[in-house]
Amino acid sequence: MYEMPCNNCGFCCLIQLCKTAQQLYGAPRNRRCPALIFEGNKSRCGVLVAAPQHLKDQVSRNIGAGEGCSISAKVRGADGVFYDFAKLPDEVKLGLADRQRNGEIEVRHRRKK
Ligand code: SF4
Ligand code: SF4
């Protein structure tokens with residue numbers, strides 16, 4: 001379980017494929033997941049939505065549904081300070097996801113060591 005709850009802003013899936021998505025869709029990893037669905041400003045995982053009933057629990061576990069906000073991204077504020085995305089207020093997360101969908105945010109991915 002992660003410290004902060006997930007509010008389904010979708011930011012994580014807008015910038016990077018989870019392991020399940022990597023297996024399904026392949027490289028590159030750092031991109032919007034093709035399975036990501038938005039209903040208004042709330043996201044859903046299309047893989048979970050489409051999974052047959054008997055596989056939903058397994059898919060939920062694989063994508064970490066219900067475990068809280070797992071994103072490790074940092075956001076540079078106007079003050080130059082880097083903040084943990086996961087700990088931002090809900091409305092800020094939703095607003096940033098909206099801006100990301102509109103291509104208004106520059107995302108830099110750390111190199112894997
Ligand atoms: S498969 Fe689902 S949880 Fe994984 S990145 Fe895509 S939308 Fe997100
Ligand atoms: S960034 Fe965090 S709060 Fe937003 S959908 Fe991903 S896990 Fe949930």
# chains A, B, ... in the order shown; residues from 1 in each chain; ligands from 1
>>> residues_around(residues="Val47 of chain A", least_positions_apart="3", cutoff="10 Å", atoms="only C-alpha atoms", output="list in words")
Thr20, Ala21, Leu24, Pro34, Ala35, Leu36, Ile37, Arg44, Ala50, Ala51, Pro52, Lys56, Val59, Ser60 and Ile63 of chain A
>>> write_last_selection(atoms="N, CA and C atoms", output="PDB file, in the first residue's frame")
ATOM      1  N   THR A  20       2.038  -4.286 -16.866  1.00  0.00           N
ATOM      2  CA  THR A  20       1.017  -4.981 -17.657  1.00  0.00           C
ATOM      3  C   THR A  20       0.931  -4.375 -19.052  1.00  0.00           C
ATOM      4  N   ALA A  21       0.923  -3.054 -19.125  1.00  0.00           N
ATOM      5  CA  ALA A  21       0.831  -2.381 -20.421  1.00  0.00           C
ATOM      6  C   ALA A  21       2.080  -2.641 -21.263  1.00  0.00           C
ATOM      7  N   LEU A  24       1.646  -5.886 -22.880  1.00  0.00           N
ATOM      8  CA  LEU A  24       0.618  -5.868 -23.915  1.00  0.00           C
ATOM      9  C   LEU A  24       1.020  -5.050 -25.133  1.00  0.00           C
ATOM     10  N   PRO A  34      -2.118   3.148 -24.274  1.00  0.00           N
ATOM     11  CA  PRO A  34      -3.246   3.058 -25.207  1.00  0.00           C
ATOM     12  C   PRO A  34      -4.542   2.627 -24.524  1.00  0.00           C
ATOM     13  N   ALA A  35      -4.434   1.995 -23.367  1.00  0.00           N
ATOM     14  CA  ALA A  35      -5.634   1.487 -22.689  1.00  0.00           C
ATOM     15  C   ALA A  35      -6.276   2.518 -21.768  1.00  0.00           C
ATOM     16  N   LEU A  36      -5.645   3.670 -21.634  1.00  0.00           N
ATOM     17  CA  LEU A  36      -6.155   4.660 -20.677  1.00  0.00           C
ATOM     18  C   LEU A  36      -7.454   5.298 -21.179  1.00  0.00           C
ATOM     19  N   ILE A  37      -8.444   5.314 -20.309  1.00  0.00           N
ATOM     20  CA  ILE A  37      -9.763   5.865 -20.640  1.00  0.00           C
ATOM     21  C   ILE A  37     -10.049   7.023 -19.685  1.00  0.00           C
ATOM     22  N   ARG A  44      -9.781   5.618 -16.073  1.00  0.00           N
ATOM     23  CA  ARG A  44      -9.986   4.205 -15.787  1.00  0.00           C
ATOM     24  C   ARG A  44      -9.011   3.408 -16.628  1.00  0.00           C
ATOM     25  N   ALA A  50     -11.930  -4.157 -19.677  1.00  0.00           N
ATOM     26  CA  ALA A  50     -12.196  -5.177 -20.697  1.00  0.00           C
ATOM     27  C   ALA A  50     -11.950  -6.604 -20.216  1.00  0.00           C
ATOM     28  N   ALA A  51     -11.316  -6.749 -19.063  1.00  0.00           N
ATOM     29  CA  ALA A  51     -10.971  -8.099 -18.595  1.00  0.00           C
ATOM     30  C   ALA A  51     -12.233  -8.902 -18.292  1.00  0.00           C
ATOM     31  N   PRO A  52     -12.227 -10.194 -18.634  1.00  0.00           N
ATOM     32  CA  PRO A  52     -13.358 -11.035 -18.263  1.00  0.00           C
ATOM     33  C   PRO A  52     -13.503 -11.084 -16.740  1.00  0.00           C
ATOM     34  N   LYS A  56     -10.652 -10.303 -13.443  1.00  0.00           N
ATOM     35  CA  LYS A  56     -10.579  -8.911 -12.958  1.00  0.00           C
ATOM     36  C   LYS A  56      -9.729  -8.778 -11.693  1.00  0.00           C
ATOM     37  N   VAL A  59      -6.071  -8.938 -12.725  1.00  0.00           N
ATOM     38  CA  VAL A  59      -5.629  -7.713 -13.405  1.00  0.00           C
ATOM     39  C   VAL A  59      -5.510  -6.576 -12.390  1.00  0.00           C
ATOM     40  N   SER A  60      -6.477  -6.494 -11.472  1.00  0.00           N
ATOM     41  CA  SER A  60      -6.431  -5.455 -10.429  1.00  0.00           C
ATOM     42  C   SER A  60      -5.136  -5.537  -9.634  1.00  0.00           C
ATOM     43  N   ILE A  63      -2.054  -4.399 -11.798  1.00  0.00           N
ATOM     44  CA  ILE A  63      -1.891  -2.957 -12.049  1.00  0.00           C
ATOM     45  C   ILE A  63      -1.865  -2.158 -10.741  1.00  0.00           C
TER      46      ILE A  63
END
>>> residues_near_ligand(ligand="ligand 2", cutoff="6 Å", atoms="only C-alpha atoms and all ligand atoms", output="NGL selection string")
:A and (6-12 or 69-71 or 86)
>>> atom_distance(atom1="atom CA of Lys93 of chain A", atom2="atom CA of Leu48 of chain A")
22.1 Å
>>> select_by_dssp(residues="chain A", states="strand (DSSP E)", output="PDB file with N, CA and C atoms, in the first residue's frame")
ATOM      1  N   LEU A  36      -5.645   3.670 -21.634  1.00  0.00           N
ATOM      2  CA  LEU A  36      -6.155   4.660 -20.677  1.00  0.00           C
ATOM      3  C   LEU A  36      -7.454   5.298 -21.179  1.00  0.00           C
ATOM      4  N   ILE A  37      -8.444   5.314 -20.309  1.00  0.00           N
ATOM      5  CA  ILE A  37      -9.763   5.865 -20.640  1.00  0.00           C
ATOM      6  C   ILE A  37     -10.049   7.023 -19.685  1.00  0.00           C
ATOM      7  N   PHE A  38     -10.625   8.093 -20.226  1.00  0.00           N
ATOM      8  CA  PHE A  38     -11.071   9.182 -19.357  1.00  0.00           C
ATOM      9  C   PHE A  38     -12.584   9.316 -19.427  1.00  0.00           C
ATOM     10  N   GLU A  39     -13.172   9.501 -18.263  1.00  0.00           N
ATOM     11  CA  GLU A  39     -14.586   9.869 -18.171  1.00  0.00           C
ATOM     12  C   GLU A  39     -14.595  11.183 -17.417  1.00  0.00           C
ATOM     13  N   LYS A  42     -11.692  11.963 -14.721  1.00  0.00           N
ATOM     14  CA  LYS A  42     -11.292  10.757 -13.988  1.00  0.00           C
ATOM     15  C   LYS A  42     -10.932   9.643 -14.966  1.00  0.00           C
ATOM     16  N   SER A  43      -9.860   8.944 -14.646  1.00  0.00           N
ATOM     17  CA  SER A  43      -9.374   7.912 -15.554  1.00  0.00           C
ATOM     18  C   SER A  43      -9.787   6.516 -15.096  1.00  0.00           C
ATOM     19  N   ARG A  44      -9.781   5.618 -16.073  1.00  0.00           N
ATOM     20  CA  ARG A  44      -9.986   4.205 -15.787  1.00  0.00           C
ATOM     21  C   ARG A  44      -9.011   3.408 -16.628  1.00  0.00           C
ATOM     22  N   CYS A  45      -8.706   2.223 -16.161  1.00  0.00           N
ATOM     23  CA  CYS A  45      -7.808   1.346 -16.908  1.00  0.00           C
ATOM     24  C   CYS A  45      -8.639   0.486 -17.856  1.00  0.00           C
ATOM     25  N   LYS A  74       8.247  13.665  -9.574  1.00  0.00           N
ATOM     26  CA  LYS A  74       8.359  14.941  -8.855  1.00  0.00           C
ATOM     27  C   LYS A  74       7.893  16.053  -9.781  1.00  0.00           C
ATOM     28  N   VAL A  75       7.336  17.068  -9.174  1.00  0.00           N
ATOM     29  CA  VAL A  75       6.836  18.217  -9.937  1.00  0.00           C
ATOM     30  C   VAL A  75       7.560  19.463  -9.458  1.00  0.00           C
ATOM     31  N   ARG A  76       8.107  20.210 -10.410  1.00  0.00           N
ATOM     32  CA  ARG A  76       8.789  21.451 -10.023  1.00  0.00           C
ATOM     33  C   ARG A  76       7.778  22.578  -9.949  1.00  0.00           C
ATOM     34  N   PHE A  82      10.998  21.017  -5.845  1.00  0.00           N
ATOM     35  CA  PHE A  82      10.417  19.792  -6.391  1.00  0.00           C
ATOM     36  C   PHE A  82       9.519  19.136  -5.339  1.00  0.00           C
ATOM     37  N   TYR A  83       8.290  18.840  -5.737  1.00  0.00           N
ATOM     38  CA  TYR A  83       7.307  18.222  -4.844  1.00  0.00           C
ATOM     39  C   TYR A  83       6.970  16.818  -5.344  1.00  0.00           C
ATOM     40  N   ASP A  84       6.676  15.919  -4.397  1.00  0.00           N
ATOM     41  CA  ASP A  84       6.211  14.576  -4.777  1.00  0.00           C
ATOM     42  C   ASP A  84       4.824  14.699  -5.386  1.00  0.00           C
TER      43      ASP A  84
END
>>> closest_residue(among="A:Phe85, A:Asn41, A:Arg29, A:Tyr2", to="Ser72 of chain A", atoms="only C-alpha atoms")
A:Phe85
